[in-house]
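> The following file, entry_4.cif, comprises mmCIF, C-alpha atoms and all ligand atoms:
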```
data_structure
loop_
_atom_site.label_atom_id
_atom_site.label_comp_id
_atom_site.auth_asym_id
_atom_site.auth_seq_id
_atom_site.Cartn_x
_atom_site.Cartn_y
_atom_site.Cartn_z
CA MET T 12 0.00 0.00 0.00
CA LYS T 13 1.32 3.44 -0.91
CA LYS T 14 2.47 5.60 2.01
CA ILE T 15 0.62 8.82 2.82
CA PRO T 16 3.02 11.51 4.04
CA LEU T 17 2.06 14.26 6.49
CA ILE T 18 3.00 16.75 3.79
CA ASP T 19 4.31 16.12 0.25
CA LEU T 20 6.95 18.71 -0.56
CA ALA T 21 8.41 16.75 -3.48
CA GLY T 22 4.91 16.44 -4.96
CA GLN T 23 4.40 20.17 -4.59
CA TYR T 24 7.70 20.85 -6.37
CA ARG T 25 6.68 18.53 -9.24
CA SER T 26 3.40 20.43 -9.62
CA ILE T 27 5.22 23.74 -10.28
CA LYS T 28 8.59 22.40 -11.45
CA GLU T 29 8.96 24.52 -14.56
CA GLU T 30 8.23 27.80 -12.78
CA ILE T 31 10.62 26.95 -9.93
CA ASP T 32 13.41 25.71 -12.20
CA THR T 33 13.27 28.88 -14.30
CA ALA T 34 13.33 31.11 -11.20
CA VAL T 35 16.27 29.22 -9.69
CA GLN T 36 18.23 29.19 -12.96
CA ASN T 37 17.74 32.95 -13.24
CA VAL T 38 19.30 33.40 -9.80
CA PHE T 39 22.26 31.20 -10.73
CA ASP T 40 22.76 33.21 -13.91
CA SER T 41 22.47 36.55 -12.11
CA GLY T 42 25.41 35.90 -9.79
CA HIS T 43 23.54 37.74 -7.01
CA PHE T 44 22.82 35.52 -4.03
CA VAL T 45 22.01 37.41 -0.82
CA LEU T 46 19.59 40.36 -0.37
CA GLY T 47 19.17 41.12 -4.06
CA PRO T 48 16.30 42.01 -6.40
CA ASN T 49 14.25 38.89 -5.59
CA VAL T 50 14.33 39.63 -1.85
CA ALA T 51 13.30 43.25 -2.52
CA ALA T 52 10.48 42.10 -4.81
CA LEU T 53 9.30 39.42 -2.36
CA GLU T 54 9.23 42.02 0.43
CA LYS T 55 6.92 44.20 -1.67
CA GLU T 56 4.74 41.24 -2.64
CA ILE T 57 4.39 39.90 0.92
CA ALA T 58 3.59 43.39 2.24
CA ALA T 59 0.89 43.76 -0.43
CA TYR T 60 -0.45 40.25 0.25
CA THR T 61 -0.56 40.77 4.03
CA GLY T 62 -1.88 44.30 3.78
CA THR T 63 1.02 46.04 5.49
CA GLU T 64 3.21 48.93 4.39
CA TYR T 65 6.51 47.13 4.89
CA ALA T 66 8.05 43.67 4.96
CA VAL T 67 11.67 42.80 5.71
CA GLY T 68 13.24 39.43 4.86
CA VAL T 69 15.43 37.68 7.43
CA ALA T 70 17.08 34.27 7.81
CA SER T 71 14.28 32.39 9.64
CA GLY T 72 11.00 32.74 11.51
CA THR T 73 12.88 32.54 14.80
CA ASP T 74 15.11 35.44 13.69
CA ALA T 75 12.01 37.41 12.65
CA LEU T 76 10.79 37.09 16.26
CA ILE T 77 14.18 37.94 17.77
CA LEU T 78 14.81 40.94 15.49
CA GLY T 79 11.20 42.08 15.98
CA LEU T 80 11.60 42.02 19.76
CA LYS T 81 14.96 43.81 19.49
CA ALA T 82 13.51 46.47 17.19
CA LEU T 83 10.84 47.17 19.83
CA GLY T 84 13.61 47.66 22.40
CA ILE T 85 12.60 44.62 24.45
CA GLY T 86 15.32 43.11 26.62
CA ALA T 87 16.48 42.38 30.18
CA GLY T 88 13.92 43.20 32.86
CA ASP T 89 10.98 43.11 30.44
CA GLU T 90 8.20 40.54 30.36
CA VAL T 91 6.50 39.25 27.23
CA ILE T 92 3.29 37.22 27.51
CA VAL T 93 3.39 34.07 25.38
CA PRO T 94 1.04 31.09 25.03
CA ALA T 95 1.68 28.04 27.22
CA TYR T 96 1.08 25.89 24.16
CA THR T 97 3.18 26.78 21.11
CA PHE T 98 6.36 25.90 19.23
CA PHE T 99 9.35 26.63 21.45
CA ALA T 100 10.70 29.42 19.18
CA SER T 101 7.92 31.77 20.36
CA VAL T 102 9.31 31.44 23.88
CA GLY T 103 13.00 30.98 23.02
CA SER T 104 13.07 34.23 21.04
CA VAL T 105 11.94 36.16 24.14
CA MET T 106 14.66 34.48 26.18
CA GLN T 107 17.29 35.15 23.48
CA VAL T 108 16.80 38.93 23.85
CA GLY T 109 17.17 38.61 27.64
CA ALA T 110 13.49 39.18 28.46
CA THR T 111 11.25 36.88 30.50
CA PRO T 112 8.47 34.87 28.87
CA VAL T 113 5.33 34.88 30.99
CA PHE T 114 2.92 32.13 30.03
CA ALA T 115 -0.83 32.47 29.58
CA GLU T 116 -3.33 29.69 28.95
CA VAL T 117 -4.79 28.91 25.53
CA ARG T 118 -8.35 28.16 24.48
CA PRO T 119 -9.11 24.43 24.39
CA ASP T 120 -10.82 24.70 21.01
CA THR T 121 -8.52 26.94 18.90
CA TYR T 122 -5.22 26.50 20.82
CA CYS T 123 -4.73 30.28 20.62
CA PHE T 124 -4.56 32.71 23.59
CA ASP T 125 -7.38 32.75 26.09
CA VAL T 126 -7.45 36.55 26.40
CA LYS T 127 -8.79 36.41 29.99
CA SER T 128 -5.70 34.46 30.98
CA VAL T 129 -3.48 37.02 29.22
CA ALA T 130 -5.14 39.87 31.15
CA ALA T 131 -4.40 38.13 34.43
CA LYS T 132 -0.67 37.96 33.61
CA ILE T 133 -0.03 41.66 33.01
CA THR T 134 2.41 43.26 35.47
CA PRO T 135 4.22 46.62 35.51
CA ARG T 136 7.11 44.85 33.71
CA THR T 137 5.01 43.59 30.80
CA LYS T 138 6.19 45.17 27.53
CA ALA T 139 4.53 43.03 24.90
CA ILE T 140 2.08 40.25 24.11
CA MET T 141 2.90 37.58 21.53
CA PRO T 142 -0.21 35.93 20.05
CA VAL T 143 0.62 32.79 18.04
CA HIS T 144 -1.86 31.97 15.27
CA LEU T 145 -1.33 28.31 15.95
CA TYR T 146 -2.00 25.72 13.27
CA GLY T 147 -3.32 28.53 11.03
CA HIS T 148 -6.19 29.72 13.26
CA PRO T 149 -6.07 33.46 14.08
CA THR T 150 -6.01 34.57 17.71
CA ASP T 151 -8.97 36.55 19.04
CA MET T 152 -7.27 39.83 18.06
CA ASP T 153 -9.92 42.46 18.91
CA ALA T 154 -9.95 41.50 22.58
CA LEU T 155 -6.17 41.19 22.63
CA LEU T 156 -5.55 44.54 20.90
CA ASP T 157 -7.98 46.24 23.32
CA LEU T 158 -6.06 44.82 26.23
CA ALA T 159 -2.74 45.88 24.71
CA LYS T 160 -4.06 49.40 24.16
CA GLN T 161 -5.37 49.71 27.73
CA HIS T 162 -1.96 48.73 29.13
CA ASN T 163 0.20 50.35 26.47
CA LEU T 164 1.77 47.08 25.32
CA TYR T 165 3.26 46.04 21.98
CA VAL T 166 1.73 43.17 20.05
CA ILE T 167 4.08 40.86 18.13
CA GLU T 168 2.16 38.34 16.06
CA ASP T 169 3.89 35.00 15.67
CA ASN T 170 2.45 34.40 12.23
CA ALA T 171 4.80 31.52 11.36
CA GLN T 172 1.86 29.17 10.78
CA GLY T 173 -0.70 31.73 9.64
CA ILE T 174 0.16 33.07 6.18
CA GLY T 175 -3.10 33.83 4.37
CA ALA T 176 -5.28 33.44 7.49
CA GLU T 177 -7.80 36.21 8.10
CA TYR T 178 -9.34 37.71 11.19
CA LYS T 179 -12.52 39.68 10.41
CA GLY T 180 -11.36 40.05 6.80
CA ARG T 181 -7.85 41.24 7.63
CA LYS T 182 -4.76 39.12 7.19
CA THR T 183 -2.89 37.93 10.25
CA GLY T 184 0.46 39.67 10.51
CA SER T 185 -1.15 43.04 9.77
CA LEU T 186 -2.98 43.44 13.08
CA GLY T 187 -0.27 43.96 15.70
CA ASP T 188 2.86 46.15 15.72
CA ILE T 189 4.92 43.44 14.01
CA GLY T 190 4.05 40.15 12.33
CA CYS T 191 6.64 37.38 12.00
CA LEU T 192 6.55 34.83 9.19
CA SER T 193 8.51 31.61 8.80
CA PHE T 194 9.33 30.19 5.38
CA PHE T 195 10.54 26.85 6.77
CA PRO T 196 9.89 24.29 3.98
CA SER T 197 6.85 22.68 5.65
CA LYS T 198 5.03 25.97 6.16
CA ASN T 199 2.04 26.84 3.94
CA LEU T 200 4.45 29.15 2.10
CA GLY T 201 7.76 27.33 2.45
CA GLY T 202 11.14 27.82 0.79
CA PHE T 203 13.75 25.22 -0.04
CA GLY T 204 15.63 26.07 3.15
CA ASP T 205 15.23 28.47 6.07
CA GLY T 206 13.78 31.95 5.71
CA GLY T 207 11.56 34.44 7.51
CA MET T 208 10.08 37.93 7.25
CA ILE T 209 8.61 40.64 9.43
CA THR T 210 5.55 42.62 8.35
CA THR T 211 4.66 46.00 9.83
CA ASN T 212 3.02 49.34 9.16
CA ASN T 213 5.66 51.18 11.16
CA SER T 214 8.48 52.58 9.00
CA GLU T 215 10.84 53.04 11.96
CA LEU T 216 10.44 49.41 13.00
CA ALA T 217 10.99 48.21 9.43
CA ASP T 218 14.11 50.36 9.20
CA LYS T 219 15.40 49.04 12.53
CA VAL T 220 14.93 45.41 11.44
CA ARG T 221 16.67 46.18 8.14
CA MET T 222 19.66 47.44 10.12
CA LEU T 223 19.53 44.61 12.68
CA ARG T 224 19.72 41.99 9.92
CA THR T 225 23.04 43.42 8.65
CA HIS T 226 25.25 44.13 11.65
CA GLY T 227 23.34 47.23 12.72
CA TRP T 228 24.48 49.27 9.77
CA ARG T 229 22.63 51.48 7.32
CA LYS T 230 25.83 52.34 5.48
CA LYS T 231 28.18 49.43 4.82
CA TYR T 232 30.90 48.89 7.46
CA ASP T 233 29.48 51.64 9.70
CA PRO T 234 27.44 49.87 12.43
CA GLU T 235 25.26 52.20 14.48
CA PHE T 236 24.41 49.51 17.05
CA LEU T 237 25.03 45.83 17.57
CA GLY T 238 23.20 43.80 14.95
CA TYR T 239 23.19 40.29 13.50
CA ASN T 240 23.78 38.54 10.22
CA SER T 241 20.25 37.43 9.42
CA ARG T 242 19.61 37.82 5.73
CA LEU T 243 17.24 36.15 3.30
CA ASP T 244 18.93 34.74 0.21
CA GLU T 245 17.98 35.19 -3.42
CA LEU T 246 17.30 31.51 -4.10
CA GLN T 247 14.75 31.32 -1.29
CA ALA T 248 13.17 34.61 -2.33
CA ALA T 249 12.92 33.54 -6.00
CA ILE T 250 11.28 30.23 -4.99
CA LEU T 251 8.94 31.95 -2.54
CA ARG T 252 7.87 34.45 -5.19
CA VAL T 253 6.77 31.56 -7.41
CA LYS T 254 4.98 29.85 -4.54
CA LEU T 255 3.24 33.03 -3.40
CA ARG T 256 1.37 33.00 -6.72
CA HIS T 257 -0.22 29.69 -5.65
CA ILE T 258 -0.80 30.27 -1.94
CA ASP T 259 -4.49 31.20 -2.12
CA ARG T 260 -5.34 28.15 -4.23
CA TRP T 261 -3.31 25.92 -1.88
CA ASN T 262 -4.91 27.36 1.26
CA GLU T 263 -8.34 26.93 -0.35
CA ARG T 264 -7.57 23.25 -1.01
CA ARG T 265 -6.48 22.86 2.64
CA ARG T 266 -9.86 24.29 3.70
CA GLU T 267 -11.67 21.89 1.36
CA LEU T 268 -9.76 18.94 2.79
CA ALA T 269 -10.47 20.09 6.35
CA ALA T 270 -14.18 20.38 5.53
CA GLU T 271 -14.14 16.86 4.09
CA TYR T 272 -12.37 15.48 7.17
CA GLY T 273 -14.95 17.32 9.30
CA ARG T 274 -17.84 15.69 7.43
CA GLN T 275 -16.33 12.21 7.50
CA LEU T 276 -15.19 12.27 11.11
CA ALA T 277 -18.23 14.03 12.55
CA GLY T 278 -19.83 10.93 14.02
CA LEU T 279 -16.65 9.67 15.67
CA ASN T 280 -15.37 10.37 19.15
CA VAL T 281 -12.46 12.40 17.86
CA GLY T 282 -11.82 16.03 18.80
CA LEU T 283 -11.77 18.04 15.57
CA PRO T 284 -10.31 21.47 14.78
CA TYR T 285 -12.67 24.34 15.46
CA ALA T 286 -12.75 27.68 13.63
CA ASP T 287 -14.33 30.87 15.02
CA SER T 288 -17.04 32.24 12.71
CA ASP T 289 -15.14 35.48 11.98
CA VAL T 290 -11.89 33.89 10.81
CA ASN T 291 -10.48 32.26 7.73
CA HIS T 292 -8.46 29.26 9.01
CA VAL T 293 -5.58 28.08 6.79
CA TYR T 294 -5.10 24.63 8.36
CA HIS T 295 -1.32 24.68 8.43
CA LEU T 296 -1.84 21.42 10.32
CA TYR T 297 -4.97 19.35 10.80
CA ILE T 298 -5.02 18.59 14.51
CA ILE T 299 -7.26 15.96 16.02
CA ARG T 300 -7.59 14.99 19.68
CA VAL T 301 -7.77 11.49 21.02
CA SER T 302 -7.32 10.19 24.54
CA ASN T 303 -5.61 6.99 23.26
CA ARG T 304 -2.97 8.79 21.20
CA SER T 305 -0.21 6.17 21.15
CA GLU T 306 -2.65 3.50 20.04
CA VAL T 307 -3.91 5.75 17.22
CA GLU T 308 -0.33 6.63 16.19
CA GLN T 309 0.53 2.94 16.08
CA GLN T 310 -2.48 2.12 13.93
CA PHE T 311 -1.58 4.86 11.42
CA LYS T 312 2.01 3.59 11.31
CA GLN T 313 0.85 0.09 10.48
CA GLU T 314 -1.23 1.45 7.62
CA GLY T 315 1.69 3.47 6.19
CA ILE T 316 0.23 6.87 7.06
CA ASP T 317 2.43 9.53 8.67
CA THR T 318 1.24 11.47 11.71
CA ALA T 319 3.11 13.77 14.11
CA VAL T 320 2.80 15.16 17.60
CA TYR T 321 2.98 18.97 17.88
CA TYR T 322 4.04 19.67 20.67
CA PRO T 323 4.76 16.86 23.11
CA ILE T 324 6.21 19.14 25.83
CA PRO T 325 4.55 22.50 26.54
CA PRO T 326 7.27 25.20 26.67
CA HIS T 327 6.92 25.93 30.41
CA LEU T 328 7.97 22.32 31.13
CA THR T 329 11.00 22.30 28.80
CA LYS T 330 14.59 22.31 30.11
CA PRO T 331 15.45 25.93 29.12
CA CYS T 332 12.46 27.09 31.23
CA GLN T 333 13.23 24.90 34.24
CA ALA T 334 14.69 27.77 36.26
CA MET T 335 11.34 29.57 36.09
CA GLY T 336 9.96 26.88 38.38
CA TYR T 337 6.77 25.87 36.59
CA ALA T 338 5.44 22.48 37.62
CA GLU T 339 3.10 20.10 35.84
CA GLY T 340 -0.42 21.35 36.48
CA SER T 341 0.43 25.06 35.96
CA PHE T 342 -1.44 25.18 32.62
CA PRO T 343 -3.88 22.26 32.49
CA ILE T 344 -5.42 23.06 29.11
CA SER T 345 -2.04 23.42 27.38
CA GLU T 346 -0.67 20.33 29.11
CA GLN T 347 -3.66 18.25 28.11
CA ALA T 348 -3.37 19.47 24.50
CA SER T 349 0.26 18.31 24.51
CA LYS T 350 -0.88 14.85 25.55
CA GLU T 351 -3.84 14.40 23.23
CA THR T 352 -3.26 16.26 19.97
CA LEU T 353 -2.15 14.51 16.81
CA ALA T 354 -1.50 15.96 13.35
CA ILE T 355 -2.88 13.86 10.51
CA PRO T 356 -1.96 14.44 6.84
CA ILE T 357 -3.12 17.62 5.16
CA PHE T 358 -1.42 19.19 2.14
CA PRO T 359 -2.77 20.86 -1.00
CA GLU T 360 -1.84 17.94 -3.26
CA MET T 361 -3.70 15.41 -1.08
CA THR T 362 -6.33 13.42 -2.98
CA ASP T 363 -9.88 12.59 -1.88
CA GLU T 364 -8.90 8.92 -1.94
CA GLN T 365 -6.07 9.62 0.53
CA VAL T 366 -8.56 11.39 2.82
CA GLN T 367 -10.75 8.27 2.74
CA ARG T 368 -7.82 6.08 3.76
CA VAL T 369 -6.97 8.33 6.72
CA VAL T 370 -10.62 8.38 7.80
CA SER T 371 -10.89 4.60 7.61
CA VAL T 372 -7.99 4.22 10.07
CA LEU T 373 -9.64 6.56 12.55
CA LYS T 374 -12.89 4.67 12.23
CA LYS T 375 -11.03 1.60 13.48
CA CYS T 376 -9.36 3.12 16.52
CA ALA T 377 -11.03 6.30 17.75
CA THR T 378 -12.18 6.30 21.34
CA PRO T 379 -13.77 9.12 23.39
CA ALA T 380 -11.75 12.31 23.16
CA SER T 381 -10.97 14.61 26.03
CA VAL T 382 -13.64 16.88 27.44
CA PHE T 383 -11.44 19.79 26.33
CA ALA T 384 -12.02 18.87 22.70
CA ALA T 385 -15.60 20.11 22.79
CA LYS T 386 -16.49 23.72 22.02
CA GLU T 387 -17.15 25.56 25.27
C1 LIG J 401 4.68 29.02 15.84
C2 LIG J 401 6.07 29.09 15.30
N1 LIG J 401 6.86 30.10 15.70
C3 LIG J 401 8.11 30.24 15.23
C4 LIG J 401 8.64 29.34 14.32
C5 LIG J 401 10.06 29.50 13.91
O1 LIG J 401 10.26 29.53 12.56
P1 LIG J 401 11.63 29.01 11.91
O2 LIG J 401 11.63 27.52 11.99
O3 LIG J 401 11.56 29.52 10.51
O4 LIG J 401 12.75 29.63 12.67
C6 LIG J 401 7.84 28.28 13.86
C7 LIG J 401 8.28 27.33 12.84
O5 LIG J 401 9.08 26.49 12.89
C8 LIG J 401 6.53 28.13 14.38
O6 LIG J 401 5.76 27.13 14.01
#
```
Please lay out the structure from this file as structure tokens.
Ligand SMILES: Cc1ncc(COP(=O)(O)O)c(C=O)c1O


Amino acid sequence: MKKIPLIDLAGQYRSIKEEIDTAVQNVFDSGHFVLGPNVAALEKEIAAYTGTEYAVGVASGTDALILGLKALGIGAGDEVIVPAYTFFASVGSVMQVGATPVFAEVRPDTYCFDVKSVAAKITPRTKAIMPVHLYGHPTDMDALLDLAKQHNLYVIEDNAQGIGAEYKGRKTGSLGDIGCLSFFPSKNLGGFGDGGMITTNNSELADKVRMLRTHGWRKKYDPEFLGYNSRLDELQAAILRVKLRHIDRWNERRRELAAEYGRQLAGLNVGLPYADSDVNHVYHLYIIRVSNRSEVEQQFKQEGIDTAVYYPIPPHLTKPCQAMGYAEGSFPISEQASKETLAIPIFPEMTDEQVQRVVSVLKKCATPASVFAAKE
């Protein structure tokens, strides 16, 4: 039986091979490899796509977060509120700039910030809030932006998983002070290597990130402050420009597949992804919840279908956060999500027949899901 991958990057390349090969060959022929015309063009195109004035390409999504925090002047003594259930980079970036991540609980249905929990974590040291549009579902931004405004806090959107997602008709990454994209290959818009970008409407912030990515200089060899080497390369930018032309069609196919999964799995005792009525979810991952996760994983393995666990350890319980003294039980909803969630295949090239095969495995082994899986 043919394997079903979690995501089929080689298949995606084959589907647009000619366009990609031409773009890559043009870069080879140009002899210009780092921060050239393709990066500049991609920055314009991503800004237009996201609905922001500016976009600045950097070396990864993690660097976008770090340089974004730095550009806002966040560092030692400052607190940044982050979700207790996210990829570690959201938290690690805060620690890299010397600030303290302060965790807030997520909603059990969308896995994005529970804004009430965020409000309870604000202290006089809080400088910023970092909503993560996890799995491609936008955070409840109106409530969060209100809170930020009341307390004079910056909002840095971790939009690594959210390209194309919309909150009340506006693209994620255009709602806070800074949005941070990742172009890691498996992302909805992924390069053929690492890459990232910040999006913003603030010209000073864009300028600061531009300087931070090249040693803190505006004029070559004349650093004005301590910066980094965090540049996007021409090959990635050329590939991403090709892929950006397809992103809406790909995201639409992800939504179609999610709707089909929803229909087919509706009668089973499996927790399914939930989308608020005022958002456009982009299903970066299709996350189900089962209380017998290892059994379900095993069954999928036997049938040649890939699955993955995002994220087995919530960040507050990871080793780099040990000194902060969080114990198991500090964030029950996040901890339970870490134990019960499972990503099953979803990618734009997935066929209806592949969906049927995934569904048939779940029909064999699904047992009652956690109470947290239900919509409140
Ligand atoms: C939520 C989230 N934040 C940050 C990142 C970091 O992005 P990158 O891997 O490009 O550094 C990722 C992706 O890996 C992510 O999923």

> Set the cut-off to 8 Å, count all atoms listed in the file, and list whatever residues fall near ligand LIG 401 (chain J) as a ChimeraX atom specification.

/T:70-76,97-101,143-146,169-172,191-195,198,205-207

> Can you list, as a PyMOL selection string, every protein, DNA or RNA residue that comes within 8 Å of Gly187 (chain T) when you count only C-alpha atoms, leaving out same-chain residues fewer than 4 positions away?

chain T and resi 156+165-168+211

> Identify, on the basis of only C-alpha atoms, every residue whose closest approach to region 251-265 of chain T does not exceed 10 Å; exclude the query and any residue fewer than 4 positions from it along the same chain; express the result as a PyMOL selection string.

chain T and resi 23-24+27+30-31+33-34+49-50+52-54+56-57+60+147+174-176+194+199-203+206+245-247+269-271+291-297+357-361

> If you count all atoms listed in the file, which residues fall within 12 Å of Val320 (chain T), apart from same-chain ones fewer than 2 positions away, as a PyMOL selection string?

chain T and resi 17+98+296-301+304-305+307-308+317-318+322-325+348-356

> Compare T:Val366, T:Val372, T:Leu83, T:Leu283 by their minimum atom-to-atom distance to Glu215 (chain T), counting only C-alpha atoms, and give me the closest one.

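Answer, going by the shortest atom-to-atom distance: T:Leu83.
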
> Would you list the residues near (0.9, 41.8, 8.0), meaning any protein, DNA or RNA residue with an atom at most 7 Å from that point in file coordinates, counting only C-alpha atoms, as a PyMOL selection string?

chain T and resi 58+61-63+182-186+190+210-211

> Suppose you want the space between CA of Val102 (chain T) and CA of Gln333 (chain T); what is it in Å?

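Separation of CA of Val102 (chain T) and CA of Gln333 (chain T): 12.9 Å.
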
> One decimal, in Å: what's the spacing between CA of His226 (chain T) and CA of Tyr239 (chain T)?

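Distance reported for this atom pair: 4.7 Å.
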